[in-house]
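Let me begin by presenting the structure, written as structure tokens, before commenting on it.
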Amino acid sequence: MTNHRNACRALALLILFSLAALAQSHVGRIQVLVAPDHPNWTYAPGEKARFIIRAVRDGNTLGNLKLTYSIGLEMMPPTVTQTVILNADGLQVDGGTLNEPGFLRCIATVEEGGRSYRGIATAGFAPERIQPAVGDPSDFDAFWASGKEALSKVPIDAERKLLPDLSTSTVNVYEVSFQNVGARDGAASRMFGILCEPKAPGKYPAVLGVPGAGVSPSHAMLRQAELGAITLSIGIHGIPPNMDARIYSLLGSGALANYWLNGLESRDRYYYRRVYLGCVRANDYLTSLPNWNGADLLVTGGSQGGALSIVTAALDPRVKRLAAYYPALSDLPGYVQGRTGGWPHMFKAEGDGSHRTKEKLESAAYYDVVNFARRIKTPGIYSWGFNDETCPPTTAYAAYNLITAPKQLVLALETGHWQVKEQTDVVDAWMDEYVKQAANSR
């Protein structure tokens, strides 16, 4: 009877969460609803998980559908695959268990009208105890201290251009650029971004927005600027922030395709060296502005930007708060130990063409978010979901569990690599409260 009540409660919660999530995106008329039988989706190691599967069309349950479901460690080959008929009462399947911290994922697919519809749910086993696979290089701190020293020798050489069409009655918006370290020792590059400044005279806190993966324009962070902050949204590729959209698309599929692999065989030449140090340089620029209040600096982003938020806060003690969604680049070599690794999953494949070389694995450790999380001293708020198939929750927890600074985790269990308003409202309120207090107290 207890299991039945738990199953019913989990199913009710699933429907509520699903309807909220579906309102955020375009979906088919048929949805495959999957949920673990614990309302909080978590279990103790050794405890058996069960998954409840249903299909609905326009809110009504469907039956007599061909269902294929698979269960296994997230992002790994399934250990169970079954094809059955799904009736209108739904199906409860045995998900098995894990004897150590981690995640089991159930992926369910139904066929109807010549189309396939997919749903997933992920059960966590003591995720707060997940430990990373990546090692901590003994000279990690010395390596990044050397990088920051090289950065300090590069003049900022900042430029700005007013963008009147984007400016408002209370905020000026600019295209800005400044110098950064280059891809080679002794060389310099430029970083670009969109700067927003309150028009009213005064001293303001600053917020750095760091981008997700890909090649795209930067956007003005007007909301925070209207609250009383200087904001800077940067790109990482050294290209202007407001070109024709087609140019970004061409670069993303051409010269900058798979940029996250560029130079991986060497810690000194890896693409993200210039990126990580460039985030510190962005802070150099923000803190050089005469209307910065001299004390308050925040950083925020999601995915690649979640990684860059943690990295920037660890490298730069000027950062006072950070907000990170589903951080990428975390616990990259997890696959080598038989579990998922972080985006961009460069160590997933084995055999010919694999990136699992000694040189690349050693180099990646200097850029792994886990090793920056170990060093975080900045209060932060973090958020993700259990169903993320881009930045898996195992890899997010591998970093989060090492953070000893004040921290808050906002979970939206059913979400994948996206956010619902309930998440962003909490994270924004946390950031906004600090911005407002800083703007009013200086």
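FYI, nothing fancy with the structure tokens labels: chains A, B, ... in order, residues from 1 per chain, ligands from 1 as they appear.
Using only C-alpha atoms, the protein and nucleic acid residues lying no more than 10 Å from Asp432 of chain A, apart from those fewer than 5 places from it along its own chain, are A:Arg223, A:Gln224, A:Leu227, A:Gly228, A:Ala229, A:Val426, A:Val427, A:Gln437, A:Ala438.
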Residue set, segment 140-287 of chain A restricted to strand (DSSP E or B), as an NGL selection string: :A and (159-162 or 171-181 or 188-198 or 204-209 or 230-234)
Skip Thr394 of chain A itself and residues of its chain fewer than 3 positions away, then list as JSON, numbers by chain all residues within 12 Å of it, counting only C-alpha atoms. {"A": [73, 74, 75, 101, 102, 103, 104, 105, 122, 123, 124, 125, 126, 127, 128, 129, 130, 131, 132, 133, 326, 327, 328, 330, 331, 332, 334, 335, 339, 340, 341, 342, 343, 370, 384, 385, 386, 387, 388, 389, 390, 391, 397, 398, 399, 400, 401]}
Put those residues in a file: C-alpha atoms, as a PDB file, in the first residue's frame.
ATOM      1  CA  LEU A  73      23.840   4.797 -16.007  1.00  0.00           C
ATOM      2  CA  GLU A  74      23.240   8.233 -17.499  1.00  0.00           C
ATOM      3  CA  MET A  75      24.931   8.746 -20.869  1.00  0.00           C
ATOM      4  CA  PRO A 101      26.549   7.360  -5.500  1.00  0.00           C
ATOM      5  CA  GLY A 102      25.407   8.100  -9.050  1.00  0.00           C
ATOM      6  CA  PHE A 103      22.422   8.273 -11.393  1.00  0.00           C
ATOM      7  CA  LEU A 104      20.278   5.718 -13.232  1.00  0.00           C
ATOM      8  CA  ARG A 105      18.306   6.923 -16.228  1.00  0.00           C
ATOM      9  CA  THR A 122      16.758  10.021 -13.862  1.00  0.00           C
ATOM     10  CA  ALA A 123      17.025   8.597 -10.360  1.00  0.00           C
ATOM     11  CA  GLY A 124      19.786   9.876  -8.107  1.00  0.00           C
ATOM     12  CA  PHE A 125      21.553   7.694  -5.553  1.00  0.00           C
ATOM     13  CA  ALA A 126      23.113   9.818  -2.802  1.00  0.00           C
ATOM     14  CA  PRO A 127      24.208  12.451  -5.341  1.00  0.00           C
ATOM     15  CA  GLU A 128      25.548  14.648  -2.542  1.00  0.00           C
ATOM     16  CA  ARG A 129      28.279  12.013  -2.077  1.00  0.00           C
ATOM     17  CA  ILE A 130      29.474  11.843  -5.706  1.00  0.00           C
ATOM     18  CA  GLN A 131      33.225  12.349  -5.969  1.00  0.00           C
ATOM     19  CA  PRO A 132      35.122  13.392  -9.114  1.00  0.00           C
ATOM     20  CA  ALA A 133      37.158  11.186 -11.411  1.00  0.00           C
ATOM     21  CA  TYR A 326      24.366  23.257 -15.220  1.00  0.00           C
ATOM     22  CA  PRO A 327      28.143  23.773 -15.518  1.00  0.00           C
ATOM     23  CA  ALA A 328      29.929  22.209 -18.483  1.00  0.00           C
ATOM     24  CA  SER A 330      33.213  19.309 -15.324  1.00  0.00           C
ATOM     25  CA  ASP A 331      34.767  15.942 -14.462  1.00  0.00           C
ATOM     26  CA  LEU A 332      35.778  15.416 -18.074  1.00  0.00           C
ATOM     27  CA  GLY A 334      34.525  10.322 -16.001  1.00  0.00           C
ATOM     28  CA  TYR A 335      34.166   8.056 -19.046  1.00  0.00           C
ATOM     29  CA  ARG A 339      30.631   6.634 -15.963  1.00  0.00           C
ATOM     30  CA  THR A 340      29.587   9.831 -17.686  1.00  0.00           C
ATOM     31  CA  GLY A 341      31.952  12.741 -18.194  1.00  0.00           C
ATOM     32  CA  GLY A 342      31.177  16.401 -18.697  1.00  0.00           C
ATOM     33  CA  TRP A 343      30.465  18.347 -21.854  1.00  0.00           C
ATOM     34  CA  VAL A 370      36.129  20.333 -10.666  1.00  0.00           C
ATOM     35  CA  TRP A 384      20.308  22.142 -12.751  1.00  0.00           C
ATOM     36  CA  GLY A 385      17.972  19.225 -13.403  1.00  0.00           C
ATOM     37  CA  PHE A 386      18.410  15.466 -13.230  1.00  0.00           C
ATOM     38  CA  ASN A 387      17.474  14.909 -16.890  1.00  0.00           C
ATOM     39  CA  ASP A 388      20.273  16.956 -18.439  1.00  0.00           C
ATOM     40  CA  GLU A 389      21.797  15.026 -21.348  1.00  0.00           C
ATOM     41  CA  THR A 390      24.370  17.706 -22.194  1.00  0.00           C
ATOM     42  CA  CYS A 391      25.855  18.486 -18.784  1.00  0.00           C
ATOM     43  CA  TYR A 397      27.599  17.232  -8.440  1.00  0.00           C
ATOM     44  CA  ALA A 398      31.243  16.166  -8.846  1.00  0.00           C
ATOM     45  CA  ALA A 399      32.153  19.857  -8.772  1.00  0.00           C
ATOM     46  CA  TYR A 400      29.449  21.122  -6.414  1.00  0.00           C
ATOM     47  CA  ASN A 401      30.249  18.588  -3.693  1.00  0.00           C
TER      48      ASN A 401
END
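Proximity of A:Asn242, A:Thr357, A:Asn262, A:Thr97 to Leu166 of chain A, computed with only C-alpha atoms, is greatest for A:Asn242.
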Please identify all polymer residues within 6 Å of Cys106 of chain A, counting only C-alpha atoms, omitting same-chain residues fewer than 6 positions from it, and present them as a list of chain:residue names.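 That gives A:Ser70, A:Ile71, A:Ile120, A:Ala121.
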Same residues, N, CA and C atoms, saved as a compact mmCIF listing (two decimals), in the first residue's frame:
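Output (selection20.txt):
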# COMPACT_ATOMS: atom_id res chain seq x y z
N SER A 70 14.64 1.72 -21.85
CA SER A 70 15.98 1.25 -21.50
C SER A 70 16.39 1.92 -20.20
N ILE A 71 17.21 1.24 -19.43
CA ILE A 71 17.66 1.73 -18.13
C ILE A 71 19.16 1.47 -18.00
N ILE A 120 12.15 10.88 -20.58
CA ILE A 120 13.21 10.34 -19.73
C ILE A 120 12.97 10.74 -18.28
N ALA A 121 13.56 9.99 -17.38
CA ALA A 121 13.63 10.35 -15.97
C ALA A 121 14.90 9.75 -15.40
Contact residues around segment 246-254 of chain A with only C-alpha atoms at 7 Å, ignoring same-chain residues under 3 positions, as a compact mmCIF listing (two decimals) with N, CA and C atoms, in the first residue's frame:
# COMPACT_ATOMS: atom_id res chain seq x y z
N GLY A 214 29.21 27.57 -28.22
CA GLY A 214 28.81 27.91 -29.57
C GLY A 214 29.40 29.24 -30.01
N VAL A 215 28.92 29.69 -31.13
CA VAL A 215 29.37 30.96 -31.73
C VAL A 215 28.14 31.80 -31.98
N SER A 216 27.96 32.85 -31.22
CA SER A 216 26.74 33.64 -31.30
C SER A 216 27.02 35.06 -30.84
N MET A 243 27.44 41.21 -35.23
CA MET A 243 27.50 41.06 -36.67
C MET A 243 26.23 40.38 -37.20
N ALA A 257 34.49 25.47 -35.63
CA ALA A 257 33.84 24.18 -35.34
C ALA A 257 34.70 23.39 -34.36
